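First the structure, in the form of structure tokens, and then the observations on it.
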Amino acid sequence: MDSIVILFISGLIGLFAGMQKKPLLSIIIASLGLVSAGVAAYFKGSYISPLSSYEAYVPTQGLIIILLCTVTLLAILGGYKRYAADNEHTGDYLALILFSLCGAVLMAQPNDLMLFFIGLEILSIPIYVLVGIEKGSSRSAEAAVKYFFTGSFASAIILFGIALLYGATGSFQLIEIQSNLAIGIWQSPMAIIGSLFLLAGFIFKIGAVPFHFWGPDVYDGASNAVLMYMATVVKIAGIYALVNVFGQVFRDSYGFWIDLVSLIIVLSMFYGYITAWKQTSFRRLIAYSSIANAGLMIFALADTHNSNLFLFVAAYAFATIALVVINSIVNDDTDSLVNWEGIAWRHPLIGIALVISLFSLAGIPPFAGFFGKFSLLWSAVPHVPYTAILALIASVIGAFVYLRLMMSALKKPTVVVRSPLSFEQILVLTLTSLAAIGALYFI
Amino acid sequence: MALILLPLVFGIIAWFVPGNISRIFGLIASTVTLAWSIIAVSYFEPSEHLLVDFGLRFVRFSIDSLGFTMVLLTNSVFFLVFLSNFNTSIVHEKRFTALALLMQFGLLGLFTTNTILGFYIFWELTLLPIFLILYWFGAFDKPRALLQFFLYTLVGSLAMLLSIIGLMHLTNQQTYDALLAADIQSFGNTSIFLMGGFLLAFAVKIPLFPFHTWQAETYTKAPTAGTMLLSAIMLKMALFGLLKWVLPIFDGNATDFWRWPVITLGLVGIIYGAVIAIRQQNLKTLFAYASLSHLGLIAAALMLQNEHTNLISVVQIVNHSIVSIGLFLAAGIIEERLGTQQLDQLGGIAKVAPRFGFWFAVLTFVSLSVPFTAGFIGEFFLIKALFSAHTFTGILASTTLVLGAVYMLKAYQVPMFGPTKINSFQDLHWSELAVFAILSIAAIYLGLAPQCITDFVAHSLTQPTH
């Protein structure tokens with residue numbers, strides 16, 4: 001609870017400090033807010049919080065809040081160059097991100113569907129604004145409109161699902177819904193349809209097949225800086241909410257939806273990776289790769305008691321941020337994979353971070369992505385063995401997408417162009433690389 | 001602990017070493033690791049295990065005498081690779097030095113790890129360096145051939161990953177000793193599938209017959225140093241995995257099920273590889289198919305799971321490393337000095353470069369397994385074992401001796417004594433001479449006294465398995 005308040009207040013302060021038109025001031029305020037929110041989450045429960053009576057309303061675990069804050073911190077640092085270029089609005093950008101993060105923390109591990117829905121909207125609405133914040137660009141405007149319409153559609157579906165569930169069980173509280181469903185109500189058509197609507201809305205939000213179509217267009221239209229936040233935090237919050245709601249509430253109807261979920265996993269992975277193979281634009285490639293990764297994340301549903309999701313989402317988020325930061329160095333306005341040729345030769349750190357991130361995304365040891373994938377599959381294999389086999393086949397295709405990107409980036413150019421990195425870019429690339437290697441010690 | 005970590009430390013330092021001394025750095029680093037392993041082995045009691053623990057849950061190390069043999073082999077191979085390439089352009093690149101040392105770390109980890117997941121991690125860890133070496137320094141016109149190599153390896157290793165997850169779930173164990181003690185037989189057909197996953201990964205790496213298509217092109221287009229690393233040590237990962245991990249652990253119905261399929265593929269590989277090799281015009285491609293033929297024999301013999309055959313196959317593994325370093329070095333020397341490897345453009349080298357002619361001949365004879373070389377001991381006993389399994393398999397396997405003579409003599413005779421087609425040929429550099437001499441001495445010593453390996457390895461291979 002303290003974390004949300006800290007985030008919100010630092011967002012507000014940042015909003016007013018932004019009037020000074022000093023980008024450095026804004027980023028320092030935002031970073032301090034994120035760090036102290038993370039610290040508050042770490043010490044959650046070990047001190048007497050003035051807000052302790054509200055703790056029950058936001059049960060999101062400290063670890064997940066820390067992950068969300070860290071990822072956001074990396075995202076704003078990585079995108080700082082872009083934000084600072086527009087010093088009129090730096091404060092607005094950062095404040096919007098912090099407000100949106102409040103929503104993410106609120107919804108990640110809900111215990112009440114109403115509060116979860118409010119969190120979801122708090123998360124989404126600032127992002128609609130962020131996507132469209134470049135007023136001059138028609139692509140950005142198109143992406144924002146698309147995202148807004150599809151996003152509100154998804155919200156409506158989720159709301160409808162919640163309403164049906166309320167009708168079937170008479171409660172918004174997850175525990176009560178679960179105990180009501182457990183006595184057999186889950187077989188009633190209303191509860192089943194409600195759960196399907198809820199599932200559809202979640203799939204929409206995290207962008208897995210068959211509700212993935214907004215992803216590539218929106219990712220393409222957003223700037224690199226916004227993409228860093230959007231492709232990571234939204235997904236993490238969404239998948240945690242999905243795993244929590246389904247793992248808790250619909251535990252008894254597991255046999256009913258697991259086949260459907262398996263289908264979603266397999267389709268997302270194959271569709272995402274195969275389509276990514278043909279892309280010529282980096283942000284679209286990342287969008288398709290994130291569709292496939294969303295499929296992998298849903299594996300956490302296979303084992304409702306022990307979902308080893310954390311390492312995988314962290315690895316995915318760190319690797320994606322590192323890649324988008326690298327992309328922003330060559331592709332700030334354009335967005336073409338051709339520019340990636342020989343990019344690793346511009347700076348040693350780019351090369352190292354790039355190889356590590358791509359191998360981590362491809363799930364090749366000893367990087368974090370492998371351990372994430374391993375622990376996901378580890379709990380999923382006994383429940384859905386065939387889905388796991390198909391997922392591994394799809395990962396081979398995925399590995400090729402990343403490998404081809406790596407080969408183009410590592411190709412030695414005839415003239416080596418050096419591009420200096422700014423301090424915060426060095427910081428982000430170093431931290432993400434270290435995190436990808438260091439995961440070895442946390443499994 | 002330093003035994004495993006030294007190459008990693010050197011590999012990281014190598015990135016910061018200036019390019020002009022990187023070849024000396026590589027040589028020094030590999031000498032130090034080799035010396036360290038020799039010292040370690042002299043203090044090592046062969047009947048015991050050396051435990052190394054970094055505090056990781058899934059990766060622990062335990063070095064037995066087989067592991068030590070492979071560690072020594074790895075370190076020697078890297079030393080020889082750095083030494084033999086001392087005069088070529090590739091070692092002037094610090095990227096090569098660093099990646100090779102990183103790969104050495106992966107291999108050492110693989111040969112010494114004690115946990116099944118550690119085996120997988122190190123198996124994959126070697127992939128990144130070799131891929132980058134091939135990509136940066138190879139002559140691949142299009143990425144297709146390289147991607148094919150990667151695709152095959154990756155499909156194989158993901159199948160292995162599934163098997164590992166399955167194995168760890170079913171037995172609830174992860175260390176080597178615990179897996180040996182577990183009752184895998186009771187899983188019935190599941191154990192056959194699990195072993196199949198491992199075998200797929202190994203069949204790609206060794207390579208066995210239908211999975212070999214990546215090999216020829218990769219070997220031909222790779223830089224000589226990369227080819228040496230691939231054939232002298234990377235393929236041995238799979239044989240080591242078969243010998244130490246898979247066959248003892250899956251002892252029982254799974255091995256019985258897979259025995260004859262693998263032996264058949266091995267035999268097909270022996271004959272097919274040799275026949276194709278006879279028809280090759282490109283020297284490196286010829287040696288690549290020869291390698292397919294030789295390794296098919298080892299893989300087939302390993303499947304018999306005869307204690308004595310296992311010991312001999314370790315000798316043959318070492319011998320194959322010696323032969324492949326020597327032959328690919330010879331091919332690399334010819335390619336570097338003349339710019340071609342096509343047999344029809346070569347001829348009469350021995351007249352211009354007598355020293356090269358002599359040492360290449362020695363290596364050719366080692367490869368032909370004439371008596372008093374390690375190859376003789378290896379091939380003779382492996383074929384004998386295949387004979388005792390079935391007369392027919394023995395006959396098929398022994399064709400390797402005849403066919404091997406045909407392609408090896410062709411590969412030696414045409415460029416060396418054929419009609420003179422070259423103008424000048426710079427004779428051997430001292431570093432290349434040293435490598436040839438070391439290899440020949442090692443091959444002859446092992447041919448005379450193979451028990452120095454078999455007795456040492458026997459401590460870890462003849463333990464009661466169940």
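Letters A, B, ... go to the chains of the structure tokens in the order shown; residues in each chain start at 1; ligands are counted from 1 in the same order.
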Using only C-alpha atoms, determine which residues of chain B fall within 8 Å of chain A; present them as a PDB file with C-alpha atoms, in the first residue's frame.
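To be explicit, this is the file written out as out12.pdb:
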ATOM      1  CA  LEU B  56      24.841 -23.431  -6.965  1.00  0.00           C
ATOM      2  CA  ARG B  57      21.788 -25.587  -6.587  1.00  0.00           C
ATOM      3  CA  PHE B  58      21.671 -27.137 -10.020  1.00  0.00           C
ATOM      4  CA  ILE B 121      23.882 -25.882 -19.405  1.00  0.00           C
ATOM      5  CA  PHE B 122      27.483 -26.500 -20.363  1.00  0.00           C
ATOM      6  CA  GLU B 124      24.664 -25.228 -24.657  1.00  0.00           C
ATOM      7  CA  LEU B 125      27.332 -22.890 -23.322  1.00  0.00           C
ATOM      8  CA  TYR B 135      30.234 -16.633 -38.091  1.00  0.00           C
ATOM      9  CA  TRP B 136      33.038 -14.111 -37.760  1.00  0.00           C
ATOM     10  CA  LEU B 147      21.858 -21.611 -39.506  1.00  0.00           C
ATOM     11  CA  LEU B 151      19.064 -25.608 -36.186  1.00  0.00           C
ATOM     12  CA  LEU B 154      19.177 -26.691 -31.167  1.00  0.00           C
ATOM     13  CA  VAL B 155      16.488 -29.231 -32.052  1.00  0.00           C
ATOM     14  CA  LEU B 158      15.800 -29.095 -26.827  1.00  0.00           C
ATOM     15  CA  LEU B 162      12.687 -32.305 -22.377  1.00  0.00           C
ATOM     16  CA  ILE B 165      13.062 -32.410 -17.246  1.00  0.00           C
ATOM     17  CA  GLY B 166      11.249 -35.713 -17.556  1.00  0.00           C
ATOM     18  CA  HIS B 169      10.618 -35.306 -12.472  1.00  0.00           C
TER      19      HIS B 169
END
(request) Name the residues in contact with Leu427 in chain A at a cut-off of 12 Å, using only C-alpha atoms, excluding same-chain residues fewer than 3 positions from it; report them as number ranges by chain. (result) A: 73-78, 80, 322, 325, 349-350, 353, 421-424, 430-434
Next, dump the selected residues to file, keeping only all heavy atoms, as a short mmCIF file (atom, residue, chain, number, x, y, z; two decimals), in the first residue's frame.
data_model
loop_
_atom_site.label_atom_id
_atom_site.label_comp_id
_atom_site.auth_asym_id
_atom_site.auth_seq_id
_atom_site.Cartn_x
_atom_site.Cartn_y
_atom_site.Cartn_z
N LEU A 73 11.91 1.63 -13.69
CA LEU A 73 13.09 2.50 -13.56
C LEU A 73 13.99 2.33 -14.77
O LEU A 73 14.45 3.32 -15.36
CB LEU A 73 13.83 2.13 -12.27
CG LEU A 73 15.04 2.98 -11.92
CD1 LEU A 73 14.60 4.41 -11.69
CD2 LEU A 73 15.73 2.45 -10.68
N LEU A 74 14.24 1.09 -15.15
CA LEU A 74 15.09 0.85 -16.32
C LEU A 74 14.45 1.46 -17.57
O LEU A 74 15.13 2.04 -18.41
CB LEU A 74 15.31 -0.64 -16.53
CG LEU A 74 16.19 -1.33 -15.49
CD1 LEU A 74 16.20 -2.82 -15.71
CD2 LEU A 74 17.60 -0.79 -15.57
N ALA A 75 13.12 1.33 -17.66
CA ALA A 75 12.45 1.83 -18.85
C ALA A 75 12.55 3.35 -18.95
O ALA A 75 12.82 3.88 -20.02
CB ALA A 75 10.99 1.39 -18.84
N ILE A 76 12.37 4.03 -17.81
CA ILE A 76 12.44 5.50 -17.93
C ILE A 76 13.88 5.96 -18.12
O ILE A 76 14.13 6.93 -18.83
CB ILE A 76 11.78 6.24 -16.74
CG1 ILE A 76 12.46 5.90 -15.44
CG2 ILE A 76 10.30 5.96 -16.67
CD1 ILE A 76 11.99 6.79 -14.31
N LEU A 77 14.84 5.24 -17.53
CA LEU A 77 16.23 5.63 -17.75
C LEU A 77 16.61 5.39 -19.21
O LEU A 77 17.25 6.22 -19.85
CB LEU A 77 17.16 4.84 -16.84
CG LEU A 77 17.16 5.25 -15.38
CD1 LEU A 77 18.07 4.34 -14.58
CD2 LEU A 77 17.59 6.69 -15.23
N GLY A 78 16.17 4.24 -19.74
CA GLY A 78 16.50 3.92 -21.12
C GLY A 78 15.88 4.91 -22.09
O GLY A 78 16.44 5.21 -23.13
N TYR A 80 15.17 8.03 -21.36
CA TYR A 80 15.34 9.41 -20.88
C TYR A 80 15.76 10.36 -21.99
O TYR A 80 15.31 11.49 -22.07
CB TYR A 80 16.37 9.43 -19.75
CG TYR A 80 16.74 10.81 -19.29
CD1 TYR A 80 15.78 11.62 -18.69
CD2 TYR A 80 18.01 11.32 -19.49
CE1 TYR A 80 16.09 12.89 -18.29
CE2 TYR A 80 18.34 12.60 -19.08
CZ TYR A 80 17.38 13.38 -18.48
OH TYR A 80 17.69 14.65 -18.09
N ALA A 322 16.66 -3.97 -22.84
CA ALA A 322 18.00 -3.78 -23.41
C ALA A 322 17.92 -3.66 -24.92
O ALA A 322 18.57 -2.79 -25.53
CB ALA A 322 18.90 -4.94 -23.01
N VAL A 325 16.45 -0.31 -25.97
CA VAL A 325 17.44 0.76 -25.78
C VAL A 325 18.43 0.76 -26.94
O VAL A 325 18.75 1.81 -27.51
CB VAL A 325 18.18 0.58 -24.43
CG1 VAL A 325 19.39 1.49 -24.38
CG2 VAL A 325 17.26 0.90 -23.29
N LEU A 349 29.82 -2.29 -25.34
CA LEU A 349 28.71 -2.61 -24.44
C LEU A 349 27.47 -3.00 -25.22
O LEU A 349 26.71 -3.88 -24.81
CB LEU A 349 28.45 -1.41 -23.53
CG LEU A 349 27.47 -1.67 -22.40
CD1 LEU A 349 27.98 -2.79 -21.52
CD2 LEU A 349 27.27 -0.42 -21.58
N ILE A 350 27.25 -2.33 -26.37
CA ILE A 350 26.09 -2.70 -27.18
C ILE A 350 26.20 -4.15 -27.59
O ILE A 350 25.25 -4.92 -27.49
CB ILE A 350 26.01 -1.79 -28.43
CG1 ILE A 350 25.76 -0.35 -28.03
CG2 ILE A 350 24.89 -2.27 -29.35
CD1 ILE A 350 25.61 0.57 -29.21
N ALA A 353 25.64 -6.50 -24.48
CA ALA A 353 24.24 -6.50 -24.03
C ALA A 353 23.34 -7.16 -25.05
O ALA A 353 22.40 -7.88 -24.72
CB ALA A 353 23.78 -5.07 -23.76
N LEU A 421 27.66 6.27 -25.92
CA LEU A 421 26.42 6.05 -25.17
C LEU A 421 26.33 7.08 -24.06
O LEU A 421 27.35 7.50 -23.52
CB LEU A 421 26.44 4.66 -24.56
CG LEU A 421 26.43 3.48 -25.51
CD1 LEU A 421 26.48 2.18 -24.74
CD2 LEU A 421 25.20 3.52 -26.37
N SER A 422 25.11 7.48 -23.75
CA SER A 422 24.97 8.39 -22.63
C SER A 422 25.01 7.59 -21.33
O SER A 422 24.89 6.36 -21.34
CB SER A 422 23.65 9.15 -22.74
OG SER A 422 22.60 8.24 -22.72
N PHE A 423 25.20 8.31 -20.24
CA PHE A 423 25.40 7.64 -18.95
C PHE A 423 24.27 6.69 -18.62
O PHE A 423 24.49 5.54 -18.23
CB PHE A 423 25.55 8.70 -17.85
CG PHE A 423 25.53 8.12 -16.47
CD1 PHE A 423 26.61 7.38 -16.00
CD2 PHE A 423 24.42 8.27 -15.65
CE1 PHE A 423 26.60 6.82 -14.75
CE2 PHE A 423 24.39 7.71 -14.39
CZ PHE A 423 25.48 6.99 -13.94
N GLU A 424 23.02 7.17 -18.81
CA GLU A 424 21.91 6.32 -18.36
C GLU A 424 21.76 5.10 -19.27
O GLU A 424 21.36 4.03 -18.82
CB GLU A 424 20.61 7.13 -18.24
CG GLU A 424 19.96 7.55 -19.52
CD GLU A 424 20.59 8.78 -20.13
OE1 GLU A 424 21.45 9.40 -19.48
OE2 GLU A 424 20.25 9.11 -21.27
N THR A 430 24.24 -2.14 -18.76
CA THR A 430 25.04 -2.91 -17.82
C THR A 430 24.16 -3.69 -16.85
O THR A 430 24.37 -4.88 -16.61
CB THR A 430 25.96 -1.98 -17.01
OG1 THR A 430 26.52 -1.03 -17.89
CG2 THR A 430 27.06 -2.75 -16.34
N LEU A 431 23.16 -2.98 -16.31
CA LEU A 431 22.30 -3.64 -15.32
C LEU A 431 21.55 -4.81 -15.93
O LEU A 431 21.47 -5.89 -15.34
CB LEU A 431 21.31 -2.64 -14.72
CG LEU A 431 21.91 -1.65 -13.73
CD1 LEU A 431 20.84 -0.70 -13.23
CD2 LEU A 431 22.52 -2.40 -12.56
N THR A 432 21.01 -4.62 -17.14
CA THR A 432 20.24 -5.72 -17.74
C THR A 432 21.14 -6.91 -18.03
O THR A 432 20.76 -8.05 -17.80
CB THR A 432 19.53 -5.27 -19.01
OG1 THR A 432 20.46 -4.61 -19.84
CG2 THR A 432 18.37 -4.37 -18.73
N SER A 433 22.37 -6.63 -18.51
CA SER A 433 23.27 -7.75 -18.81
C SER A 433 23.65 -8.49 -17.54
O SER A 433 23.63 -9.72 -17.49
CB SER A 433 24.54 -7.25 -19.49
OG SER A 433 24.22 -6.43 -20.55
N LEU A 434 23.98 -7.72 -16.50
CA LEU A 434 24.36 -8.36 -15.24
C LEU A 434 23.21 -9.20 -14.70
O LEU A 434 23.41 -10.31 -14.21
CB LEU A 434 24.77 -7.31 -14.21
CG LEU A 434 26.16 -6.70 -14.42
CD1 LEU A 434 26.44 -5.68 -13.33
CD2 LEU A 434 27.22 -7.78 -14.40
#
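Using only C-alpha atoms, the smallest distance between any of A:Asp259, A:Glu341, A:Asp335, A:Asp220 and Val384 in chain A comes from A:Asp259.
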Please provide the set of residues having any atom within 6 Å of range 286-302 of chain B, restricted to only C-alpha atoms, with same-chain residues fewer than 2 positions apart removed, written as a compact mmCIF listing (two decimals) with N, CA and C atoms, in the first residue's frame.
# COMPACT_ATOMS: atom_id res chain seq x y z
N ALA B 216 29.51 -31.50 -43.29
CA ALA B 216 30.50 -31.29 -44.35
C ALA B 216 30.66 -29.82 -44.68
N ILE B 263 23.51 -48.86 -33.55
CA ILE B 263 24.61 -49.58 -34.21
C ILE B 263 24.42 -49.55 -35.72
N GLY B 266 25.33 -46.25 -37.00
CA GLY B 266 26.78 -46.11 -36.95
C GLY B 266 27.43 -46.83 -38.12
N GLY B 269 26.87 -45.06 -41.26
CA GLY B 269 27.76 -43.91 -41.28
C GLY B 269 29.18 -44.30 -41.66
N ILE B 270 29.65 -45.43 -41.13
CA ILE B 270 31.01 -45.87 -41.44
C ILE B 270 31.18 -46.03 -42.95
N GLY B 273 30.07 -42.65 -45.02
CA GLY B 273 31.07 -41.60 -44.89
C GLY B 273 32.31 -41.92 -45.71
N ALA B 274 32.73 -43.17 -45.64
CA ALA B 274 33.95 -43.54 -46.35
C ALA B 274 33.76 -43.46 -47.85
N ALA B 277 33.65 -39.96 -48.91
CA ALA B 277 34.98 -39.35 -48.77
C ALA B 277 35.85 -39.68 -49.98
N GLN B 280 35.36 -37.27 -52.79
CA GLN B 280 35.49 -35.83 -52.57
C GLN B 280 36.71 -35.25 -53.25
N LEU B 283 39.64 -31.12 -49.84
CA LEU B 283 40.37 -31.80 -48.79
C LEU B 283 39.63 -31.79 -47.45
N LYS B 284 39.11 -30.59 -47.07
CA LYS B 284 38.43 -30.50 -45.78
C LYS B 284 37.14 -31.30 -45.78
N LEU B 304 27.46 -51.32 -27.39
CA LEU B 304 27.55 -52.71 -26.94
C LEU B 304 27.66 -52.79 -25.43
N GLN B 305 28.09 -51.68 -24.82
CA GLN B 305 28.20 -51.61 -23.36
C GLN B 305 29.02 -52.73 -22.77
N LEU B 382 37.77 -52.22 -31.19
CA LEU B 382 36.37 -51.87 -31.40
C LEU B 382 35.74 -52.80 -32.44
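Here the question is which of A:Glu121, A:Gly194, A:Ala237, A:Leu181 gets nearest to Ala104 in chain A using only C-alpha atoms, and that residue is A:Ala237.
Checking B:Ile249, B:Val41, B:Thr340, B:Pro143 one by one against Ala178 in chain B, counting only C-alpha atoms, you find the shortest gap at B:Ile249.
Summary of the local environment: counting only C-alpha atoms, residues at most 7 Å from range 417-424 of chain B, other than itself and those fewer than 3 positions away along its chain, are Gln345, Leu346, Gly347, Gly348, Ile349, Ala350, Val352, Gln413 and Val414 of chain B.
The coordinates place CA of Tyr402 in chain A at 11.8 Å from CA of Gln279 in chain A.
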(request) Tell me which protein, DNA and RNA residues are within 9 Å of range 195-197 of chain B, counting only C-alpha atoms, leaving out same-chain ones fewer than 3 positions away, and put them as a PyMOL selection string. (result) chain B and resi 156-164+190-192+200-202+246-247+250+254-255+258
Any chance you could export the current selection's N, CA, C and O atoms as a tab-separated table (two decimals), in the first residue's frame?
chain	number	residue	atom	x	y	z
B	156	GLY	N	18.16	-30.85	-31.41
B	156	GLY	CA	18.68	-31.94	-30.60
B	156	GLY	C	18.72	-31.58	-29.14
B	156	GLY	O	18.26	-32.33	-28.28
B	157	SER	N	19.23	-30.39	-28.84
B	157	SER	CA	19.42	-30.11	-27.41
B	157	SER	C	18.09	-29.80	-26.74
B	157	SER	O	17.96	-30.04	-25.54
B	158	LEU	N	17.10	-29.30	-27.49
B	158	LEU	CA	15.80	-29.09	-26.83
B	158	LEU	C	15.13	-30.43	-26.53
B	158	LEU	O	14.47	-30.58	-25.49
B	159	ALA	N	15.34	-31.41	-27.42
B	159	ALA	CA	14.83	-32.75	-27.11
B	159	ALA	C	15.49	-33.27	-25.85
B	159	ALA	O	14.85	-33.87	-24.98
B	160	MET	N	16.80	-32.97	-25.74
B	160	MET	CA	17.51	-33.41	-24.54
B	160	MET	C	16.97	-32.70	-23.31
B	160	MET	O	16.83	-33.32	-22.25
B	161	LEU	N	16.64	-31.41	-23.46
B	161	LEU	CA	16.11	-30.67	-22.32
B	161	LEU	C	14.81	-31.29	-21.82
B	161	LEU	O	14.62	-31.47	-20.62
B	162	LEU	N	13.94	-31.65	-22.78
B	162	LEU	CA	12.69	-32.31	-22.38
B	162	LEU	C	12.98	-33.59	-21.63
B	162	LEU	O	12.37	-33.88	-20.59
B	163	SER	N	13.92	-34.37	-22.15
B	163	SER	CA	14.26	-35.63	-21.49
B	163	SER	C	14.80	-35.37	-20.10
B	163	SER	O	14.49	-36.12	-19.16
B	164	ILE	N	15.60	-34.31	-19.98
B	164	ILE	CA	16.18	-34.02	-18.66
B	164	ILE	C	15.09	-33.64	-17.68
B	164	ILE	O	15.06	-34.14	-16.54
B	190	THR	N	8.40	-45.11	-21.08
B	190	THR	CA	8.81	-43.72	-20.90
B	190	THR	C	10.33	-43.60	-20.97
B	190	THR	O	10.87	-42.66	-21.55
B	191	SER	N	11.02	-44.58	-20.38
B	191	SER	CA	12.47	-44.47	-20.36
B	191	SER	C	13.03	-44.56	-21.78
B	191	SER	O	14.06	-43.96	-22.09
B	192	ILE	N	12.33	-45.29	-22.67
B	192	ILE	CA	12.79	-45.35	-24.05
B	192	ILE	C	12.69	-43.98	-24.70
B	192	ILE	O	13.61	-43.53	-25.38
B	200	LEU	N	18.94	-38.17	-29.66
B	200	LEU	CA	18.78	-37.23	-30.77
B	200	LEU	C	19.84	-36.13	-30.69
B	200	LEU	O	20.50	-35.80	-31.69
B	201	ALA	N	20.01	-35.59	-29.48
B	201	ALA	CA	21.02	-34.54	-29.30
B	201	ALA	C	22.40	-35.06	-29.64
B	201	ALA	O	23.20	-34.39	-30.31
B	202	PHE	N	22.70	-36.28	-29.20
B	202	PHE	CA	24.04	-36.83	-29.43
B	202	PHE	C	24.23	-37.17	-30.91
B	202	PHE	O	25.30	-36.96	-31.46
B	246	VAL	N	24.39	-41.39	-20.43
B	246	VAL	CA	23.17	-42.01	-20.92
B	246	VAL	C	23.20	-43.53	-20.80
B	246	VAL	O	22.26	-44.13	-20.29
B	247	LEU	N	24.28	-44.15	-21.26
B	247	LEU	CA	24.26	-45.61	-21.25
B	247	LEU	C	24.20	-46.20	-19.84
B	247	LEU	O	23.39	-47.08	-19.59
B	250	PHE	N	20.55	-45.32	-18.34
B	250	PHE	CA	19.42	-46.01	-18.95
B	250	PHE	C	19.69	-47.49	-19.14
B	250	PHE	O	19.08	-48.12	-19.99
B	254	ALA	N	15.68	-49.61	-22.02
B	254	ALA	CA	15.85	-48.51	-22.97
B	254	ALA	C	17.09	-48.73	-23.83
B	254	ALA	O	17.05	-48.56	-25.06
B	255	THR	N	18.18	-49.13	-23.20
B	255	THR	CA	19.40	-49.37	-23.98
B	255	THR	C	19.20	-50.54	-24.94
B	255	THR	O	19.66	-50.50	-26.08
B	258	TRP	N	17.36	-49.28	-27.96
B	258	TRP	CA	18.08	-48.39	-28.88
B	258	TRP	C	19.38	-48.99	-29.41
B	258	TRP	O	20.00	-48.40	-30.29
(message) DSSP on the backbone, helix (DSSP H, G or I) only: what residues of range 224-455 of chain B does that give? Format it as number ranges by chain.
(response) B: 224-249, 253-279, 283-302, 307-338, 343-345, 349-352, 354-367, 374-389, 391-417, 430-448, 451-455
